[in-house]
Each structure stands twice: as structure tokens, then as C-alpha cells.
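All remarks here apply to the structure that follows.
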Amino acid sequence: MRTRETTIIRHWKVSWRAWLVFWIARIFVKPIFAAWPTTDRGIAALGHLEKVVDRLPRPKGVTIDPITLGGVPSERISHHRKASDALAGATILYFHGGGFVFCGLATHRSLCALLAARAGVPVISVEYRQLPYGGIGTSIHDAMAAYTELVGTCEDPSKIILAGDSAGGYLAMKVAELAATRGMVTPAAVIGYSPLLNLALEKHDPDYMRRDAYLPMNQVEALKDMWAGGPEPIVGADSPIEADPRVYPPAFFSVAQYELMRPDVEAMTALLEDAGQAVETHVWSGQIHAYPVMGTVLRESTMTIALSLDFVRRALGYRGRHSA
């Protein structure tokens, strides 16, 4: 078993692009988010971001097919190159971030395309329901519906990799938890880019939380009551960090040095390690929350994606050797 010191790997070098993105987010984006109204109308207005991004040119070199998975609108993104290593036959099920409020298939299409190209396996991005159409329980319901159908339709159900950023990381961990506790086929691994692992973010040091590049704590607190709304309830543990760590498959996490999610990512890493579960966490200096979504724009994004896929290959390879 790896020691905790080697399980959490820190990266100190910051590219000039990452530095620029960090300060643009800090100076311009964070004040806008802090002042944005968390009413149904304000949340609905954020949905226009998805429509704007959807008009941009689509990633080249991949095939993008709209599908429905478990009754949930989704996209299947594939690359002509097929994996010939431990990832052969695998499928990545991706849940986008956005605080259960905004973002969708379009905003995360570039990241999913990069994952598909680098892994050589299909990536299915799920457009689960969000506020104001349903709280977190509703998002979990859609995520589980997509996973359940994927188990019965994918090439190899024992090689499903769950992935997500921010709120999507929460959903990836919840699906892993519920699949295990319901006796379903469990995912082979989980990838979380700045995953939301604890809904009680307000319990952390407020001075630290204020250092997040663009996520304002006041907006997180304003959304909490809405997150808990129906129509479907949150099933299982309210937060992934409260679940039995033994239910989780091998987990890869990445997080920025100063962001809202880091304390819980490091706490979850310790819980998984103490339970004897495979886990690897990377803490990156000078990055913004969920920076891998920027894809090839940042060197750090492509490095993190490569590291996450290398971890999954090792996890699949280890399991394959011990199941033979």
C-alpha cells in the first residue's frame, strides 16, 4: 500500500497560461458569480451559456452521436483509434460540473473529446437534470438511470469508468456508492477533477475558502436549500465523504491548491487509503477549480488527463492480473 505522503502528489510549476487564467477568473469572473441572483430566473439565465458554447465549432477528430441513456439525453464521443492496452473494451461515463445549476454537454465536449482520443474508448457525456428543474436527488436519479442502462448495453460492463468534475465528481462517486450498495455491477474506477465530495463546505476555514479563484462561498451557501429540493430525494449518504469508503473502486482525484473542494478531497484520500482502497490525488498550484475542463488550452489540463488515464490503466491491469 502506498503511504499517504506518496498518495497525494503536489505540482508546483505553473504555466504562464494557467497564471493568466487564474487572475482573469479572480478579477473578473468571481465578482460576477458573487453578484449573480440565485433565483429561478437567474439560474435559468445561466443556462444560456450552454446554448452559446453549443454554437462553437465542435472538436475535430472525433465522432459525436446524440443518444438517450436510461431516458437521459447524452452524447457518445468516440475516436477512430481503439485502445489496445488495459483500457480495451472500456467505456467512460462522464458527468459534467456546474454546481447542479449550469453547464452541460457543450461546455464539456472538448474535455470529453480529449478523453476519448487519449483513452481510445468511447466517452458518454450525460445531460442530467439540474436546478431549477430538480435538486441533487434528481441529478442522482438521472445519473443512476444512465449507468444502469450502460451496464446492460456497453461492450464490457466490468470496465465502466465513472468520471466528472465538480458537481459531476459528486455524481460519479454517488453512482459508485449506489451501485455497490444495491448489488449492481460496480464501476472499475472513478476519476474526479475537483470533485464536490461534501455538501457542508461552510464548515471549512472561511479564510482558506475565500482564496478560491472564482467560486464565491456566498453563492454555495445560497444554493444549499435548493440543492436539497425534490422531486427525488438524495439516496444513500448525503455526501460521498460520509459513505463507507470500502464501497468505492480505485479513485483518482485532482484539485487546485486553493479551491473550495481541496479540504474534502484530501480528507477523502485519507479515508480511502486507511480503508485499503487504491487512490491517487494530485494537488496543482496556480490552477482554478476544475481546470481540466479547459482541455488543450492548459498544459496542466492535458497532464492531469494523462495522469488520470494512466491511473485507470494500472487499476484495470491490476484487477485483470488478480482475476485471471
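We name chains A, B, ... following the order of the C-alpha cells; residues begin at 1 in each chain, and ligands are numbered from 1 as shown.
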Margin query: I'd like the neighbourhood of stretch 188-198 of chain A as JSON, numbers by chain, where a residue qualifies if any of its atoms comes within 9 Å (using only C-alpha atoms), though same-chain residues fewer than 5 positions away should be ignored.
Written below: {"A": [97, 99, 157, 158, 159, 160, 161, 162, 163, 164, 165, 166, 167, 168, 169, 170, 171, 172, 173, 176, 238, 239, 240, 241, 242, 248, 249, 250, 251, 252, 253, 254, 255, 256, 259, 260, 261, 262, 264, 265, 268, 289, 290, 291, 292, 293, 304, 308, 309, 312, 315, 316, 319]}
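Residues surrounding A:Lys224 within 10 Å are Gly135, Ile136, Leu199, Ala200 and Leu201 of chain A [only C-alpha atoms; sequence separation below 6 positions excluded].
Distance check against A:Pro187 using only C-alpha atoms: of A:Asp310, A:Asp85, A:Asp156, A:Asp225, the minimum falls on A:Asp156.
Minimum atom-to-atom distance to A:Leu111, evaluated using only C-alpha atoms, belongs to A:Thr296 out of A:Arg313, A:Met226, A:Asn218, A:Thr296.
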Checklist line | All strand (DSSP E or B) positions in stretch 12-157 of chain A, as a count of residues only | finding: 25
Next item on the list: Compile the contact shell of A:Leu271 as a list in words: residues with an atom at most 9 Å away, counting only C-alpha atoms, same-chain residues fewer than 5 positions apart removed.
Entry: Ile241, Pro245, Glu266, Gly276 and Gln277 of chain A
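Restricting the calculation to only C-alpha atoms, the smallest distance between A:Pro132 and any of A:Gly236, A:Pro37, A:Gly229, A:Gly104 is found for A:Gly229.
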Item checked: Test item, helix (DSSP H, G or I) assignment across stretch 140-227 of chain A, answer as number ranges by chain -> A: 140-153, 157-159, 167-181, 201-203, 206-209, 217-227
Using C-alpha atoms, can you write the selected residues to a file as a compact mmCIF listing (two decimals), in the first residue's frame?
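This is the output file out_23.txt:
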# COMPACT_ATOMS: atom_id res chain seq x y z
CA ILE A 140 -28.55 11.43 -8.90
CA HIS A 141 -31.69 9.75 -10.26
CA ASP A 142 -30.71 10.60 -13.84
CA ALA A 143 -27.08 9.59 -13.29
CA MET A 144 -28.14 6.20 -11.95
CA ALA A 145 -30.60 5.70 -14.81
CA ALA A 146 -27.81 6.33 -17.32
CA TYR A 147 -25.41 3.99 -15.51
CA THR A 148 -28.00 1.22 -15.18
CA GLU A 149 -28.69 1.14 -18.92
CA LEU A 150 -25.00 1.41 -19.76
CA VAL A 151 -24.28 -1.71 -17.69
CA GLY A 152 -26.62 -3.65 -19.96
CA THR A 153 -25.50 -2.17 -23.28
CA PRO A 157 -19.75 -3.73 -18.05
CA SER A 158 -16.81 -4.62 -15.78
CA LYS A 159 -14.81 -1.82 -17.42
CA ALA A 167 -20.74 18.53 -9.16
CA GLY A 168 -20.16 15.81 -11.75
CA GLY A 169 -17.49 14.35 -9.48
CA TYR A 170 -20.14 14.16 -6.75
CA LEU A 171 -22.41 12.23 -9.12
CA ALA A 172 -19.62 9.87 -10.17
CA MET A 173 -18.93 8.99 -6.54
CA LYS A 174 -22.66 8.65 -5.74
CA VAL A 175 -23.19 6.27 -8.65
CA ALA A 176 -20.23 4.18 -7.44
CA GLU A 177 -21.69 4.12 -3.93
CA LEU A 178 -25.22 3.21 -5.01
CA ALA A 179 -24.07 0.57 -7.50
CA ALA A 180 -22.16 -1.16 -4.68
CA THR A 181 -24.89 -0.91 -2.05
CA LEU A 201 -18.49 23.27 2.54
CA GLU A 202 -19.31 26.04 5.01
CA LYS A 203 -17.68 24.02 7.82
CA PRO A 206 -13.52 30.70 5.77
CA ASP A 207 -10.15 32.41 5.23
CA TYR A 208 -8.98 29.44 3.18
CA MET A 209 -12.24 29.19 1.24
CA MET A 217 -18.72 30.84 -0.91
CA ASN A 218 -21.82 33.05 -0.52
CA GLN A 219 -23.34 31.54 -3.66
CA VAL A 220 -22.65 27.99 -2.49
CA GLU A 221 -24.45 28.74 0.76
CA ALA A 222 -27.36 30.32 -1.13
CA LEU A 223 -27.79 27.20 -3.27
CA LYS A 224 -27.77 24.65 -0.44
CA ASP A 225 -31.51 24.73 0.27
CA MET A 226 -32.24 24.46 -3.45
CA TRP A 227 -29.84 21.53 -3.78
Notebook entry, point to check: What gap, in Å, lies between atom CA of A:Tyr318 and atom CA of A:Ile77?
Noted result: 26.8 Å
Check: Using only C-alpha atoms, which residues sit within 8 Å of A:Pro216 once same-chain residues fewer than 3 positions away are excluded, as a VMD selection string?
Finding: chain A and resid 30 33 to 34 210 212 219 to 220
Next item on the list: Compare A:Ala116, A:Thr7, A:Ala228, A:Lys82 by their minimum atom-to-atom distance to A:Thr63, counting only C-alpha atoms, and give me the closest one.
Entry: A:Ala116
Margin query: Just to confirm, what's the straight-line distance from atom CA of A:Gln130 to atom CA of A:Glu50 in Å (one decimal)?
Written below: 12.9 Å
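Considering the residues A:Ala25, A:Gly98, A:Ala88, A:Ile64 and counting only C-alpha atoms, A:Cys112 has its shortest atom-to-atom contact with A:Ile64.
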